[in-house]
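J.: One structure, pasted below without further comment.
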Amino acid sequence: MGNRSKQADNFRPASEATEGWVVSIAGLVVNVFMILWKFVPDWMMGWIRWCPTSVEELETSEMKVLSFISRKCHGQFVNVGKLWTLEDHRMWTIKLNADQRSDRLPVVLLHGFGSGVGLWLLNIDSLSSFRPVYAFDMLGFARSSRPTFSTEPFEVERQFVESIEVWRNRVGLNRMVLLGHSLGGYIATSYAMAHPDRIAHLILADPWGFPERPITTSHHYELPMWVKLVATMLRPFNPLAALRVAGPWGPQLVDKFRPDLCQKFNPVVQDKEAIPSYIYHCNAQKPTGEEAFMALTAHFGWAKHPMISRIHQLREDVPITFIYGSRSWVDRQTGFQTKFVRLNSYVDVQVVQGAGHHVFFNRSQLFYV
């Protein structure tokens, strides 16, 4: 009976065993490929990585997007110094209503993965009618400098937080309403834990990186074998590598695979190529921000160090508002969990009906602070 019991415990259905075998073979193929990749000649690497982009083209595409803002917008590079590297770095910043005296604290906008200040287009006019607005490109993304980050997740967080704190000091802000979307929400939370005195209100729009990864992802989500296979094959690559490999077809690739994202801007942006072009040029250059994101993530996009397990470290007097899209893939239960964990703090959870992950422009008319 004992042997039979052990055999029963070790038994796996044939289909599950086959899936495990296929995924293991895929992992082996990927490892071999990565070894061979190191021996690709430089001239061939130049062809493979060729992208029709430049910092000038990114600037032009951003200017085109921001030209649809009604209010006066001022842009500048803020020097944040050497930080953890040997050379100075700059963070591209735009500000509106910043030179006018206002009784309201400024709101600082922190974009998500693969994004930049231009995608706040549908919100900037309304937000700046009430208070000063600042938005910057995080290091490694869009027009900001692209330093090499650590490969250790907590160190990556620290590097992002350090750059934001230096930026805040150089810009001259004492306290602020900090609003982060997706990856920006994760980094904003990390910043708030490190510098609570600087945060009047933390607003997290569909924040990435809060839920804990299930012990057995496949059991909870019943992922098809092809999803596991693709995930294994793509694991060593940066998330947007395909965009750069596509070369001159990159902007069309953005429009083809994310037409929903681009269409949201149609009522304001008359040029249909403006948004795809901006997104492409934001992500077609040296992908150090992607590499930093990869350091933060485990398989299938889970955070290695989820915020829900650390949110109790945030000082009690820092208020938090979560804003989720009802149709988003982000798990909003962690917002309600945060409310339970922080019983002595202000925590508000809002769900915007009909909005997806990009809640701030999916329902821009309902998005204000």
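Residues in the structure tokens are named by chain (A, B, ... in the order shown) and by number from 1 within that chain; ligands are numbered from 1 in the order shown.
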Go through stretch 54-208 of chain A and collect every residue that DSSP, computed from the backbone, puts in strand (DSSP E or B); the answer should be as JSON, numbers by chain.
T.: {"A": [74, 75, 76, 77, 78, 79, 80, 81, 89, 90, 91, 92, 93, 94, 95, 96, 107, 108, 109, 110, 133, 134, 135, 136, 176, 177, 178, 179, 180, 181, 199, 200, 201, 202, 203, 204, 205]}
J.: Nearest to A:Gly114: which of A:Lys272, A:Arg342, A:Arg143, A:His305 is it, counting only C-alpha atoms?
T.: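 For A:Gly114, the nearest of the given residues is A:Arg143.
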J.: Using only C-alpha atoms, which residue out of A:Leu243, A:Ile187, A:Ile69, A:Ile308 lies closest to A:Glu212?
T.: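 With only C-alpha atoms as the atom set, the closest residue is A:Ile308.
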J.: Which residues are near A:Ser128? Cut-off 9 Å, only C-alpha atoms, ignore same chain within fewer than 4 positions. Put them as a list in words.
T.: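 Returned residues: Arg71, Lys95, Leu96, Asn97, Ala98, Pro106, Val107, Asn123, Ile124, Pro132 and Val133 of chain A.
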J.: Could you save those same residues with all heavy atoms as a compact mmCIF listing (two decimals), in the first residue's frame?
T.:
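Writing done, so here's out25.txt:
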```txt
# COMPACT_ATOMS: atom_id res chain seq x y z
N ARG A 71 -3.70 73.82 -23.44
CA ARG A 71 -2.99 74.71 -22.54
C ARG A 71 -1.50 74.80 -22.89
O ARG A 71 -0.96 73.90 -23.51
CB ARG A 71 -3.15 74.25 -21.09
CG ARG A 71 -4.58 74.37 -20.58
CD ARG A 71 -4.71 73.85 -19.16
NE ARG A 71 -6.04 74.09 -18.66
CZ ARG A 71 -6.42 75.21 -18.05
NH1 ARG A 71 -5.53 76.17 -17.83
NH2 ARG A 71 -7.65 75.35 -17.62
N LYS A 95 5.60 70.44 -17.90
CA LYS A 95 4.83 71.01 -16.80
C LYS A 95 3.82 72.01 -17.35
O LYS A 95 4.06 72.69 -18.34
CB LYS A 95 5.74 71.68 -15.77
CG LYS A 95 6.69 72.73 -16.32
CD LYS A 95 7.61 73.25 -15.23
CE LYS A 95 8.56 74.33 -15.76
NZ LYS A 95 9.44 74.86 -14.68
N LEU A 96 2.68 72.05 -16.68
CA LEU A 96 1.61 72.96 -17.05
C LEU A 96 1.11 73.66 -15.79
O LEU A 96 1.02 73.04 -14.73
CB LEU A 96 0.43 72.23 -17.71
CG LEU A 96 0.69 71.54 -19.06
CD1 LEU A 96 1.21 70.13 -18.85
CD2 LEU A 96 -0.58 71.53 -19.90
N ASN A 97 0.79 74.94 -15.95
CA ASN A 97 0.23 75.72 -14.84
C ASN A 97 1.20 75.77 -13.65
O ASN A 97 0.79 76.04 -12.53
CB ASN A 97 -1.11 75.11 -14.39
CG ASN A 97 -1.95 76.08 -13.58
OD1 ASN A 97 -1.75 77.29 -13.64
ND2 ASN A 97 -2.87 75.55 -12.79
N ALA A 98 2.48 75.50 -13.91
CA ALA A 98 3.45 75.41 -12.82
C ALA A 98 3.93 76.78 -12.36
O ALA A 98 4.39 76.93 -11.22
CB ALA A 98 4.64 74.56 -13.24
N PRO A 106 0.82 70.36 -6.46
CA PRO A 106 0.99 69.84 -7.82
C PRO A 106 0.74 68.34 -7.87
O PRO A 106 0.97 67.62 -6.90
CB PRO A 106 2.45 70.17 -8.14
CG PRO A 106 3.12 70.23 -6.81
CD PRO A 106 2.10 70.79 -5.87
N VAL A 107 0.27 67.86 -9.02
CA VAL A 107 0.16 66.43 -9.26
C VAL A 107 1.30 66.03 -10.19
O VAL A 107 1.59 66.71 -11.17
CB VAL A 107 -1.21 66.05 -9.86
CG1 VAL A 107 -1.47 66.75 -11.18
CG2 VAL A 107 -1.30 64.53 -10.05
N ASN A 123 -5.52 63.80 -20.54
CA ASN A 123 -5.79 64.17 -19.14
C ASN A 123 -5.16 65.49 -18.73
O ASN A 123 -5.60 66.13 -17.77
CB ASN A 123 -5.26 63.09 -18.20
CG ASN A 123 -5.67 61.69 -18.63
OD1 ASN A 123 -4.88 60.97 -19.23
ND2 ASN A 123 -6.91 61.31 -18.36
N ILE A 124 -4.12 65.89 -19.44
CA ILE A 124 -3.31 67.02 -18.99
C ILE A 124 -4.10 68.32 -18.93
O ILE A 124 -3.98 69.09 -17.98
CB ILE A 124 -2.07 67.16 -19.89
CG1 ILE A 124 -1.04 66.09 -19.50
CG2 ILE A 124 -1.45 68.53 -19.77
CD1 ILE A 124 0.23 66.11 -20.32
N PRO A 132 -1.17 72.72 -10.57
CA PRO A 132 0.02 72.51 -11.41
C PRO A 132 0.20 71.02 -11.72
O PRO A 132 -0.07 70.16 -10.88
CB PRO A 132 1.17 73.02 -10.52
CG PRO A 132 0.53 73.93 -9.53
CD PRO A 132 -0.83 73.35 -9.28
N VAL A 133 0.66 70.73 -12.92
CA VAL A 133 0.86 69.35 -13.35
C VAL A 133 2.29 69.17 -13.85
O VAL A 133 2.78 69.97 -14.65
CB VAL A 133 -0.13 68.97 -14.47
CG1 VAL A 133 0.21 67.58 -15.04
CG2 VAL A 133 -1.56 68.96 -13.94
```
J.: I'd like to know which of A:Glu57, A:Gln353, A:Arg101, A:Trp329 is closest to A:Gly301, using only C-alpha atoms.
T.: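 The answer is A:Trp329, which sits nearest to A:Gly301.
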J.: Could you state the separation of atom CA of A:Ala188 and atom CA of A:Val269 in Å, given to one decimal place?
T.: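 Those two atoms sit 28.7 Å apart.
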J.: Find the residue from A:Ser54, A:Ser345, A:Ser145, A:Ser115 that sits nearest to A:Leu261; use only C-alpha atoms when measuring.
T.: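 Among the listed residues, the smallest separation from A:Leu261 belongs to A:Ser115.
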J.: Kindly give the distance, in Å, that separates atom CA of A:Phe136 and atom CA of A:Leu110, rounded to a single decimal.
T.: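 Atom CA of A:Phe136 sits 6.7 Å away from atom CA of A:Leu110.
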J.: Quick one: of A:Met307, A:Leu86, A:Leu66, A:Leu173, who's nearest to A:Asp125, counting only C-alpha atoms?
T.: A:Leu66
J.: From a DSSP calculation on the backbone, collect every residue of stretch 132-291 of chain A in alpha helix (DSSP H) and output the set as a PyMOL selection string.
T.: chain A and resi 153-171+183-194+217-221+225-234+241-245+250-257+259-263+274-283+288-291
J.: Within 12 Å of A:Phe360, counting only C-alpha atoms, which residues qualify if same-chain residues fewer than 3 places away don't, as an MDAnalysis selection string?
T.: chainID A and resid 109:112 119:124 126:127 179:182 203:207 261 264:265 323:325 328 351:352 354:357 363:369
J.: Taking only C-alpha atoms into account, name the residue in A:Met91, A:Val347, A:Met63, A:Ile320 that is nearest to A:Pro147.
T.: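 The closest residue to A:Pro147 is A:Met91.
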J.: Could you tell me how far atom CA of A:Arg198 sits from atom CA of A:Thr85, in Å to one decimal place?
T.: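 Atom-to-atom, atom CA of A:Thr85 to atom CA of A:Arg198, that is 25.4 Å.
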J.: Pick out the residues sitting within 6 Å of stretch 249-259 of chain A, and hand them over as a PDB file with N, CA, C and O atoms, in the first residue's frame; count only C-alpha atoms, and ignore anything fewer than 6 positions along from it in its own chain.
T.:
```pdb
ATOM      1  N   LEU A 243       9.221  44.694 -31.554  1.00  0.00           N
ATOM      2  CA  LEU A 243       9.003  46.021 -32.132  1.00  0.00           C
ATOM      3  C   LEU A 243      10.272  46.530 -32.797  1.00  0.00           C
ATOM      4  O   LEU A 243      10.226  47.137 -33.869  1.00  0.00           O
ATOM      5  N   PRO A 276       0.769  55.897 -32.898  1.00  0.00           N
ATOM      6  CA  PRO A 276       1.631  54.736 -33.177  1.00  0.00           C
ATOM      7  C   PRO A 276       3.094  55.111 -33.360  1.00  0.00           C
ATOM      8  O   PRO A 276       3.988  54.385 -32.905  1.00  0.00           O
ATOM      9  N   SER A 277       3.344  56.234 -34.032  1.00  0.00           N
ATOM     10  CA  SER A 277       4.721  56.679 -34.252  1.00  0.00           C
ATOM     11  C   SER A 277       5.395  57.022 -32.926  1.00  0.00           C
ATOM     12  O   SER A 277       6.549  56.656 -32.685  1.00  0.00           O
ATOM     13  N   TYR A 280       6.118  53.842 -30.957  1.00  0.00           N
ATOM     14  CA  TYR A 280       7.238  53.128 -31.584  1.00  0.00           C
ATOM     15  C   TYR A 280       8.574  53.755 -31.218  1.00  0.00           C
ATOM     16  O   TYR A 280       9.495  53.064 -30.762  1.00  0.00           O
TER      17      TYR A 280
END
```
J.: Residues within 12 Å of A:Lys339, please, as a ChimeraX atom specification. Count only C-alpha atoms; anything in the same chain fewer than 3 positions from it doesn't count.
T.: /A:308,311-312,316,319-322,332-336,342-350
